[in-house]
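Enquirer: Provided below: entry-v4.txt, containing compact mmCIF, N, CA and C atoms.
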```
# COMPACT_ATOMS: atom_id res chain seq x y z
N MET R 1 -17.22 15.23 26.11
CA MET R 1 -15.98 15.97 26.26
C MET R 1 -16.28 17.45 26.06
N SER R 2 -15.96 18.27 27.03
CA SER R 2 -16.23 19.70 26.90
C SER R 2 -15.04 20.41 26.27
N ARG R 3 -15.35 21.52 25.66
CA ARG R 3 -14.32 22.31 25.00
C ARG R 3 -13.78 23.36 25.95
N SER R 4 -12.53 23.71 25.74
CA SER R 4 -11.93 24.79 26.51
C SER R 4 -12.49 26.12 25.98
N PRO R 5 -12.37 27.19 26.75
CA PRO R 5 -12.83 28.50 26.25
C PRO R 5 -12.16 28.87 24.92
N ASP R 6 -10.89 28.54 24.77
CA ASP R 6 -10.21 28.86 23.52
C ASP R 6 -10.78 28.05 22.36
N GLN R 7 -11.08 26.77 22.59
CA GLN R 7 -11.68 25.93 21.54
C GLN R 7 -13.07 26.45 21.17
N ARG R 8 -13.84 26.88 22.15
CA ARG R 8 -15.18 27.42 21.88
C ARG R 8 -15.07 28.71 21.06
N ARG R 9 -14.11 29.55 21.41
CA ARG R 9 -13.91 30.81 20.67
C ARG R 9 -13.53 30.53 19.22
N ARG R 10 -12.60 29.58 19.02
CA ARG R 10 -12.18 29.24 17.65
C ARG R 10 -13.36 28.66 16.86
N ALA R 11 -14.16 27.81 17.49
CA ALA R 11 -15.31 27.23 16.81
C ALA R 11 -16.32 28.32 16.45
N ASP R 12 -16.54 29.26 17.35
CA ASP R 12 -17.46 30.37 17.08
C ASP R 12 -16.94 31.23 15.93
N ASP R 13 -15.65 31.53 15.94
CA ASP R 13 -15.05 32.31 14.84
C ASP R 13 -15.20 31.58 13.51
N PHE R 14 -14.97 30.27 13.51
CA PHE R 14 -15.09 29.45 12.31
C PHE R 14 -16.53 29.52 11.79
N GLY R 15 -17.49 29.40 12.69
CA GLY R 15 -18.90 29.48 12.32
C GLY R 15 -19.28 30.84 11.78
N ARG R 16 -18.79 31.90 12.40
CA ARG R 16 -19.08 33.26 11.92
C ARG R 16 -18.51 33.49 10.52
N ARG R 17 -17.31 32.98 10.27
CA ARG R 17 -16.73 33.11 8.93
C ARG R 17 -17.58 32.35 7.92
N GLY R 18 -18.08 31.19 8.31
CA GLY R 18 -18.96 30.43 7.43
C GLY R 18 -20.25 31.18 7.14
N GLU R 19 -20.81 31.82 8.15
CA GLU R 19 -22.04 32.59 7.96
C GLU R 19 -21.80 33.78 7.04
N ALA R 20 -20.66 34.45 7.19
CA ALA R 20 -20.32 35.57 6.31
C ALA R 20 -20.17 35.09 4.87
N PHE R 21 -19.50 33.95 4.70
CA PHE R 21 -19.36 33.36 3.36
C PHE R 21 -20.74 33.03 2.79
N ALA R 22 -21.59 32.43 3.60
CA ALA R 22 -22.94 32.05 3.15
C ALA R 22 -23.73 33.28 2.72
N ALA R 23 -23.63 34.36 3.48
CA ALA R 23 -24.35 35.59 3.11
C ALA R 23 -23.86 36.11 1.76
N ARG R 24 -22.56 36.14 1.56
CA ARG R 24 -22.02 36.58 0.26
C ARG R 24 -22.47 35.64 -0.86
N TRP R 25 -22.44 34.34 -0.60
CA TRP R 25 -22.85 33.34 -1.59
C TRP R 25 -24.29 33.57 -2.02
N LEU R 26 -25.17 33.79 -1.05
CA LEU R 26 -26.58 34.05 -1.37
C LEU R 26 -26.73 35.36 -2.15
N GLU R 27 -26.04 36.41 -1.70
CA GLU R 27 -26.15 37.71 -2.37
C GLU R 27 -25.67 37.61 -3.83
N GLU R 28 -24.64 36.84 -4.07
CA GLU R 28 -24.15 36.66 -5.44
C GLU R 28 -25.19 35.97 -6.32
N ARG R 29 -26.14 35.31 -5.72
CA ARG R 29 -27.19 34.60 -6.44
C ARG R 29 -28.52 35.34 -6.41
N GLY R 30 -28.47 36.62 -6.04
CA GLY R 30 -29.66 37.46 -6.11
C GLY R 30 -30.48 37.60 -4.85
N TRP R 31 -30.03 36.98 -3.76
CA TRP R 31 -30.75 37.10 -2.49
C TRP R 31 -30.36 38.40 -1.80
N GLU R 32 -31.29 38.94 -1.04
CA GLU R 32 -31.00 40.06 -0.14
C GLU R 32 -30.98 39.48 1.28
N VAL R 33 -29.85 39.59 1.94
CA VAL R 33 -29.77 39.14 3.33
C VAL R 33 -30.32 40.27 4.20
N VAL R 34 -31.43 40.00 4.87
CA VAL R 34 -32.12 41.05 5.64
C VAL R 34 -31.80 41.00 7.13
N ALA R 35 -31.25 39.88 7.61
CA ALA R 35 -30.89 39.79 9.02
C ALA R 35 -29.88 38.66 9.21
N ARG R 36 -29.06 38.80 10.25
CA ARG R 36 -28.06 37.79 10.60
C ARG R 36 -28.13 37.51 12.09
N ARG R 37 -27.95 36.25 12.43
CA ARG R 37 -27.89 35.81 13.83
C ARG R 37 -29.02 36.40 14.68
N VAL R 38 -30.22 36.08 14.31
CA VAL R 38 -31.39 36.57 15.03
C VAL R 38 -31.76 35.55 16.10
N ARG R 39 -31.72 35.98 17.35
CA ARG R 39 -31.98 35.08 18.47
C ARG R 39 -33.45 35.18 18.89
N THR R 40 -33.99 34.03 19.27
CA THR R 40 -35.33 33.97 19.85
C THR R 40 -35.23 33.12 21.12
N LYS R 41 -36.34 32.99 21.82
CA LYS R 41 -36.32 32.17 23.04
C LYS R 41 -36.18 30.68 22.73
N VAL R 42 -36.44 30.27 21.47
CA VAL R 42 -36.36 28.85 21.12
C VAL R 42 -35.15 28.50 20.26
N GLY R 43 -34.39 29.50 19.84
CA GLY R 43 -33.22 29.22 19.02
C GLY R 43 -32.82 30.41 18.19
N GLU R 44 -31.80 30.22 17.40
CA GLU R 44 -31.24 31.29 16.59
C GLU R 44 -31.37 30.96 15.11
N ILE R 45 -31.62 31.99 14.33
CA ILE R 45 -31.61 31.88 12.87
C ILE R 45 -30.32 32.53 12.40
N ASP R 46 -29.51 31.78 11.64
CA ASP R 46 -28.23 32.32 11.19
C ASP R 46 -28.41 33.46 10.19
N LEU R 47 -29.23 33.24 9.17
CA LEU R 47 -29.48 34.26 8.15
C LEU R 47 -30.96 34.27 7.79
N ILE R 48 -31.46 35.45 7.50
CA ILE R 48 -32.79 35.59 6.92
C ILE R 48 -32.58 36.29 5.59
N ALA R 49 -33.03 35.65 4.52
CA ALA R 49 -32.76 36.17 3.18
C ALA R 49 -34.03 36.16 2.34
N ARG R 50 -34.06 37.07 1.37
CA ARG R 50 -35.27 37.25 0.56
C ARG R 50 -34.91 37.37 -0.92
N VAL R 51 -35.76 36.78 -1.73
CA VAL R 51 -35.84 37.05 -3.16
C VAL R 51 -37.30 37.40 -3.41
N PRO R 52 -37.63 38.00 -4.54
CA PRO R 52 -39.03 38.38 -4.75
C PRO R 52 -39.98 37.20 -4.54
N GLY R 53 -40.95 37.41 -3.64
CA GLY R 53 -41.97 36.41 -3.37
C GLY R 53 -41.60 35.34 -2.36
N LEU R 54 -40.39 35.42 -1.79
CA LEU R 54 -39.93 34.34 -0.89
C LEU R 54 -39.01 34.88 0.19
N ILE R 55 -39.24 34.44 1.42
CA ILE R 55 -38.32 34.70 2.54
C ILE R 55 -37.81 33.35 3.01
N ALA R 56 -36.50 33.26 3.23
CA ALA R 56 -35.90 32.01 3.70
C ALA R 56 -35.20 32.25 5.02
N PHE R 57 -35.46 31.36 5.95
CA PHE R 57 -34.76 31.33 7.23
C PHE R 57 -33.68 30.27 7.06
N VAL R 58 -32.42 30.69 7.13
CA VAL R 58 -31.31 29.86 6.67
C VAL R 58 -30.43 29.42 7.83
N GLU R 59 -30.26 28.12 7.96
CA GLU R 59 -29.32 27.53 8.91
C GLU R 59 -28.02 27.29 8.14
N VAL R 60 -26.91 27.76 8.71
CA VAL R 60 -25.60 27.60 8.07
C VAL R 60 -24.76 26.66 8.92
N LYS R 61 -24.20 25.67 8.30
CA LYS R 61 -23.29 24.75 8.97
C LYS R 61 -21.97 24.74 8.21
N THR R 62 -20.89 24.99 8.91
CA THR R 62 -19.56 25.03 8.31
C THR R 62 -18.73 23.91 8.90
N ARG R 63 -18.06 23.17 8.04
CA ARG R 63 -17.23 22.06 8.48
C ARG R 63 -15.86 22.16 7.82
N ALA R 64 -14.89 21.50 8.41
CA ALA R 64 -13.52 21.55 7.92
C ALA R 64 -13.33 20.76 6.64
N THR R 65 -14.16 19.74 6.42
CA THR R 65 -14.05 18.93 5.21
C THR R 65 -15.44 18.66 4.64
N ALA R 66 -15.50 18.44 3.32
CA ALA R 66 -16.77 18.15 2.67
C ALA R 66 -17.37 16.85 3.20
N ALA R 67 -16.52 15.90 3.58
CA ALA R 67 -17.02 14.62 4.10
C ALA R 67 -17.84 14.81 5.37
N GLU R 68 -17.55 15.83 6.14
CA GLU R 68 -18.26 16.09 7.40
C GLU R 68 -19.63 16.71 7.19
N LEU R 69 -19.93 17.19 5.99
CA LEU R 69 -21.19 17.88 5.75
C LEU R 69 -22.40 16.96 5.90
N ASP R 70 -22.23 15.68 5.59
CA ASP R 70 -23.36 14.75 5.66
C ASP R 70 -23.93 14.63 7.06
N LEU R 71 -23.12 14.91 8.07
CA LEU R 71 -23.56 14.78 9.47
C LEU R 71 -23.77 16.14 10.15
N ALA R 72 -23.76 17.22 9.37
CA ALA R 72 -23.78 18.56 9.95
C ALA R 72 -25.15 19.00 10.43
N ILE R 73 -26.21 18.42 9.89
CA ILE R 73 -27.55 18.88 10.25
C ILE R 73 -28.42 17.66 10.54
N ASP R 74 -29.30 17.82 11.52
CA ASP R 74 -30.20 16.72 11.86
C ASP R 74 -31.61 17.27 12.09
N GLU R 75 -32.55 16.37 12.25
CA GLU R 75 -33.94 16.76 12.40
C GLU R 75 -34.18 17.62 13.64
N ALA R 76 -33.49 17.32 14.73
CA ALA R 76 -33.68 18.10 15.96
C ALA R 76 -33.25 19.55 15.75
N ARG R 77 -32.11 19.75 15.08
CA ARG R 77 -31.64 21.11 14.82
C ARG R 77 -32.60 21.84 13.89
N LEU R 78 -33.07 21.13 12.87
CA LEU R 78 -34.03 21.75 11.96
C LEU R 78 -35.33 22.12 12.67
N ALA R 79 -35.75 21.31 13.62
CA ALA R 79 -36.96 21.61 14.38
C ALA R 79 -36.80 22.90 15.18
N ARG R 80 -35.61 23.10 15.76
CA ARG R 80 -35.36 24.35 16.50
C ARG R 80 -35.36 25.56 15.56
N VAL R 81 -34.76 25.39 14.39
CA VAL R 81 -34.76 26.48 13.40
C VAL R 81 -36.20 26.79 12.97
N ALA R 82 -36.98 25.75 12.73
CA ALA R 82 -38.38 25.96 12.32
C ALA R 82 -39.18 26.67 13.41
N ALA R 83 -38.95 26.31 14.66
CA ALA R 83 -39.65 26.97 15.77
C ALA R 83 -39.26 28.44 15.84
N ALA R 84 -37.98 28.74 15.68
CA ALA R 84 -37.53 30.13 15.69
C ALA R 84 -38.11 30.89 14.50
N ALA R 85 -38.12 30.26 13.33
CA ALA R 85 -38.67 30.91 12.13
C ALA R 85 -40.15 31.23 12.32
N GLU R 86 -40.87 30.31 12.96
CA GLU R 86 -42.30 30.55 13.20
C GLU R 86 -42.51 31.79 14.07
N LEU R 87 -41.65 31.97 15.07
CA LEU R 87 -41.75 33.16 15.92
C LEU R 87 -41.40 34.43 15.16
N LEU R 88 -40.43 34.34 14.26
CA LEU R 88 -39.93 35.52 13.55
C LEU R 88 -40.72 35.86 12.29
N ALA R 89 -41.46 34.91 11.77
CA ALA R 89 -42.17 35.11 10.50
C ALA R 89 -43.02 36.38 10.47
N PRO R 90 -43.79 36.68 11.52
CA PRO R 90 -44.60 37.91 11.45
C PRO R 90 -43.78 39.19 11.28
N ASP R 91 -42.55 39.18 11.77
CA ASP R 91 -41.69 40.36 11.67
C ASP R 91 -40.97 40.48 10.33
N TYR R 92 -40.82 39.39 9.62
CA TYR R 92 -40.00 39.40 8.40
C TYR R 92 -40.77 39.07 7.13
N THR R 93 -41.88 38.38 7.23
CA THR R 93 -42.60 37.95 6.04
C THR R 93 -43.54 39.05 5.58
N ARG R 94 -43.50 39.32 4.28
CA ARG R 94 -44.39 40.31 3.68
C ARG R 94 -45.64 39.63 3.13
N ALA R 95 -46.69 40.42 2.95
CA ALA R 95 -47.94 39.88 2.41
C ALA R 95 -47.69 39.20 1.07
N GLY R 96 -48.22 37.99 0.91
CA GLY R 96 -48.09 37.26 -0.34
C GLY R 96 -46.78 36.52 -0.52
N GLU R 97 -45.88 36.63 0.45
CA GLU R 97 -44.57 36.00 0.34
C GLU R 97 -44.63 34.57 0.87
N ASP R 98 -44.00 33.65 0.17
CA ASP R 98 -43.84 32.30 0.68
C ASP R 98 -42.69 32.29 1.67
N MET R 99 -42.67 31.29 2.54
CA MET R 99 -41.64 31.17 3.55
C MET R 99 -41.10 29.75 3.53
N ARG R 100 -39.79 29.61 3.76
CA ARG R 100 -39.22 28.28 3.84
C ARG R 100 -37.97 28.30 4.72
N ILE R 101 -37.55 27.09 5.10
CA ILE R 101 -36.31 26.88 5.86
C ILE R 101 -35.30 26.29 4.88
N ASP R 102 -34.16 26.95 4.75
CA ASP R 102 -33.08 26.45 3.91
C ASP R 102 -31.88 26.12 4.79
N VAL R 103 -31.01 25.28 4.28
CA VAL R 103 -29.76 24.95 4.95
C VAL R 103 -28.63 25.18 3.95
N LEU R 104 -27.58 25.84 4.39
CA LEU R 104 -26.36 25.98 3.60
C LEU R 104 -25.26 25.23 4.32
N LEU R 105 -24.73 24.23 3.68
CA LEU R 105 -23.62 23.43 4.22
C LEU R 105 -22.35 23.86 3.50
N ILE R 106 -21.34 24.27 4.27
CA ILE R 106 -20.14 24.85 3.69
C ILE R 106 -18.89 24.15 4.21
N ALA R 107 -18.01 23.81 3.28
CA ALA R 107 -16.70 23.26 3.59
C ALA R 107 -15.76 23.77 2.50
N PRO R 108 -14.46 23.71 2.72
CA PRO R 108 -13.54 24.16 1.67
C PRO R 108 -13.85 23.44 0.35
N GLY R 109 -14.14 24.25 -0.67
CA GLY R 109 -14.41 23.70 -1.99
C GLY R 109 -15.80 23.12 -2.18
N ALA R 110 -16.68 23.26 -1.20
CA ALA R 110 -18.02 22.68 -1.30
C ALA R 110 -19.06 23.58 -0.65
N VAL R 111 -20.15 23.81 -1.38
CA VAL R 111 -21.32 24.49 -0.84
C VAL R 111 -22.53 23.68 -1.28
N ARG R 112 -23.34 23.30 -0.31
CA ARG R 112 -24.60 22.60 -0.60
C ARG R 112 -25.75 23.48 -0.09
N HIS R 113 -26.64 23.83 -0.99
CA HIS R 113 -27.81 24.61 -0.62
C HIS R 113 -29.01 23.67 -0.64
N ILE R 114 -29.54 23.39 0.53
CA ILE R 114 -30.72 22.54 0.65
C ILE R 114 -31.92 23.47 0.80
N GLU R 115 -32.71 23.56 -0.25
CA GLU R 115 -33.89 24.42 -0.24
C GLU R 115 -35.06 23.68 0.40
N ASN R 116 -35.83 24.42 1.18
CA ASN R 116 -37.03 23.85 1.81
C ASN R 116 -36.69 22.59 2.61
N ALA R 117 -35.70 22.72 3.46
CA ALA R 117 -35.18 21.56 4.21
C ALA R 117 -36.15 21.05 5.27
N TRP R 118 -37.04 21.90 5.72
CA TRP R 118 -38.00 21.50 6.78
C TRP R 118 -39.39 21.47 6.19
N LEU R 119 -39.96 20.32 6.16
CA LEU R 119 -41.31 20.17 5.61
C LEU R 119 -42.31 19.83 6.69
N GLY R 120 -41.90 19.98 7.97
CA GLY R 120 -42.75 19.61 9.10
C GLY R 120 -43.81 20.55 9.29
```
Now that the file is in, can you turn its structure into structure tokens?
Expert:
Amino acid sequence: MSRSPDQRRRADDFGRRGEAFAARWLEERGWEVVARRVRTKVGEIDLIARVPGLIAFVEVKTRATAAELDLAIDEARLARVAAAAELLAPDYTRAGEDMRIDVLLIAPGAVRHIENAWLG
């Protein structure tokens, strides 16, 4: 079932609000968000964030209910994020810094931060 242009716009707006929330959430916990919505030929990274010694390429998934979070991310999506992160790593990773893929799952009243979500 395809979405109407209005449904796609609303979904995109919902996702952008989730990404903005995720960036604030990370910053409140000491992360520096260094980039948002970085596109590559293999996919997009929602957020790139850093703490001393670590750069994280962060996939953000926003859902209307906490119950929907369990199905928000899958291995195929993570593989695309990992491929994009691999392309972007030389531009964002500093010498001696570790790198990882994180996922932030957001719903009203719920935030799940999955650290090092991609071990492939």
Enquirer: Mind checking which residues fall within 9 Å of R:Leu78, counting only C-alpha atoms, ignoring those fewer than 4 positions away in the same chain, and posting them as a PyMOL selection string?
Expert: chain R and resi 59+73-74+82-83+101+103+117-118
Enquirer: Between R:Ile106, R:Ala64, R:Val33, R:Val38, which residue has the minimum interatomic distance to R:Phe21, considering only C-alpha atoms?
Expert: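 For R:Phe21, the nearest of the candidates is R:Ile106.
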Enquirer: Might I get the box with edges along x, y and z of the file that holds all atoms of stretch 81-99 of chain R listed there, padded by 8 Å on every side, given as centre and edge lengths in Å to one decimal, as AutoDock Vina command-line options?
Expert:
```
--center_x -41.5 --center_y 32.9 --center_z 7.7 --size_x 29.5 --size_y 31.1 --size_z 32.4
```
Enquirer: From the options R:Ala89, R:Phe14, R:Pro5, R:Ala84, which residue's atoms come nearest to R:Arg39, counting only N, CA and C atoms?
Expert: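 Answer, going by the shortest atom-to-atom distance: R:Ala84.
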Enquirer: So what do you get for atom CA of R:Val34 versus atom CA of R:Ala49, distance-wise?
Expert: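 Straight-line distance from atom CA of R:Val34 to atom CA of R:Ala49 works out to 5.5 Å.
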Enquirer: Kindly indicate which residue among R:Gly43, R:Lys61, R:Ile55, R:Ala67 lies nearest to R:Asp98, using only N, CA and C atoms for the distances.
Expert: R:Ile55
Enquirer: Please return as a PyMOL selection string: the residues of stretch 7-118 of chain R that backbone DSSP assigns to helix (DSSP H, G or I).
Expert: chain R and resi 7-28+66-71+75-92
Enquirer: For atom CA of R:Ala110 and atom CA of R:Thr65, determine how far apart the two atoms are, in Å to one decimal place.
Expert: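 Computed distance, atom CA of R:Ala110 to atom CA of R:Thr65, equals 8.5 Å.
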Enquirer: With distances taken over only C-alpha atoms, which residue among R:Leu104, R:Ala66, R:Leu88, R:Ala72 lies nearest R:Asn116?
Expert: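 Smallest distance to R:Asn116 is found for R:Leu104.
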Enquirer: What does the distance between atom N of R:Gly53 and atom C of R:Leu87 come to in Å, to one decimal place?
Expert: 19.0 Å
Enquirer: Enumerate, as a ChimeraX atom specification, the complete set of residues in chain R that a backbone-based DSSP assignment places in strand (DSSP E or B).
Expert: /R:32-39,44-51,54-62,98-107,110-114
Enquirer: Rank R:Leu69, R:Gly109, R:Leu54, R:Ala76 by their smallest atom-to-atom distance to R:Ala95, using only C-alpha atoms, and report the top residue only.
Expert: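 Ranked by minimum distance to R:Ala95, first place goes to R:Leu54.
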Enquirer: Just checking: using all atoms listed in the file, which residue out of R:Glu19, R:Ile45, R:Val51, R:Val60 ends up closest to R:Trp31?
Expert: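 Looking at the shortest contact to R:Trp31, the residue is R:Val51.
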Enquirer: So which residues fall inside 8 Å of (-27.5, 32.8, 8.3) if we count only C-alpha atoms? Mind giving them as JSON, numbers by chain?
Expert: {"R": [19, 20, 22, 23, 35, 36, 37, 45, 46, 47, 48, 57, 58, 59, 60]}
Enquirer: Please complete stretch 4-23 of chain R with N, CA, C and O atoms and give it back as a CSV table (one decimal), in the coordinates of the input.
Expert:
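Generated output (result-v6.csv):
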```csv
chain,number,residue,atom,x,y,z
R,4,SER,N,-12.5,23.7,25.7
R,4,SER,CA,-11.9,24.8,26.5
R,4,SER,C,-12.5,26.1,26.0
R,4,SER,O,-13.0,26.2,24.9
R,5,PRO,N,-12.4,27.2,26.8
R,5,PRO,CA,-12.8,28.5,26.2
R,5,PRO,C,-12.2,28.9,24.9
R,5,PRO,O,-12.8,29.4,24.0
R,6,ASP,N,-10.9,28.5,24.8
R,6,ASP,CA,-10.2,28.9,23.5
R,6,ASP,C,-10.8,28.0,22.4
R,6,ASP,O,-11.0,28.6,21.3
R,7,GLN,N,-11.1,26.8,22.6
R,7,GLN,CA,-11.7,25.9,21.5
R,7,GLN,C,-13.1,26.4,21.2
R,7,GLN,O,-13.4,26.5,20.0
R,8,ARG,N,-13.8,26.9,22.2
R,8,ARG,CA,-15.2,27.4,21.9
R,8,ARG,C,-15.1,28.7,21.1
R,8,ARG,O,-15.8,28.9,20.1
R,9,ARG,N,-14.1,29.6,21.4
R,9,ARG,CA,-13.9,30.8,20.7
R,9,ARG,C,-13.5,30.5,19.2
R,9,ARG,O,-14.1,31.1,18.3
R,10,ARG,N,-12.6,29.6,19.0
R,10,ARG,CA,-12.2,29.2,17.6
R,10,ARG,C,-13.4,28.7,16.9
R,10,ARG,O,-13.5,29.0,15.7
R,11,ALA,N,-14.2,27.8,17.5
R,11,ALA,CA,-15.3,27.2,16.8
R,11,ALA,C,-16.3,28.3,16.4
R,11,ALA,O,-16.9,28.3,15.3
R,12,ASP,N,-16.5,29.3,17.4
R,12,ASP,CA,-17.5,30.4,17.1
R,12,ASP,C,-16.9,31.2,15.9
R,12,ASP,O,-17.7,31.6,15.0
R,13,ASP,N,-15.6,31.5,15.9
R,13,ASP,CA,-15.0,32.3,14.8
R,13,ASP,C,-15.2,31.6,13.5
R,13,ASP,O,-15.5,32.2,12.5
R,14,PHE,N,-15.0,30.3,13.5
R,14,PHE,CA,-15.1,29.4,12.3
R,14,PHE,C,-16.5,29.5,11.8
R,14,PHE,O,-16.8,29.7,10.6
R,15,GLY,N,-17.5,29.4,12.7
R,15,GLY,CA,-18.9,29.5,12.3
R,15,GLY,C,-19.3,30.8,11.8
R,15,GLY,O,-20.0,31.0,10.8
R,16,ARG,N,-18.8,31.9,12.4
R,16,ARG,CA,-19.1,33.3,11.9
R,16,ARG,C,-18.5,33.5,10.5
R,16,ARG,O,-19.2,34.1,9.7
R,17,ARG,N,-17.3,33.0,10.3
R,17,ARG,CA,-16.7,33.1,8.9
R,17,ARG,C,-17.6,32.4,7.9
R,17,ARG,O,-17.8,32.8,6.8
R,18,GLY,N,-18.1,31.2,8.3
R,18,GLY,CA,-19.0,30.4,7.4
R,18,GLY,C,-20.2,31.2,7.1
R,18,GLY,O,-20.7,31.2,6.0
R,19,GLU,N,-20.8,31.8,8.2
R,19,GLU,CA,-22.0,32.6,8.0
R,19,GLU,C,-21.8,33.8,7.0
R,19,GLU,O,-22.6,34.1,6.2
R,20,ALA,N,-20.7,34.4,7.2
R,20,ALA,CA,-20.3,35.6,6.3
R,20,ALA,C,-20.2,35.1,4.9
R,20,ALA,O,-20.7,35.7,3.9
R,21,PHE,N,-19.5,34.0,4.7
R,21,PHE,CA,-19.4,33.4,3.4
R,21,PHE,C,-20.7,33.0,2.8
R,21,PHE,O,-21.0,33.3,1.6
R,22,ALA,N,-21.6,32.4,3.6
R,22,ALA,CA,-22.9,32.0,3.2
R,22,ALA,C,-23.7,33.3,2.7
R,22,ALA,O,-24.4,33.2,1.7
R,23,ALA,N,-23.6,34.4,3.5
R,23,ALA,CA,-24.4,35.6,3.1
R,23,ALA,C,-23.9,36.1,1.8
R,23,ALA,O,-24.7,36.5,0.9
```
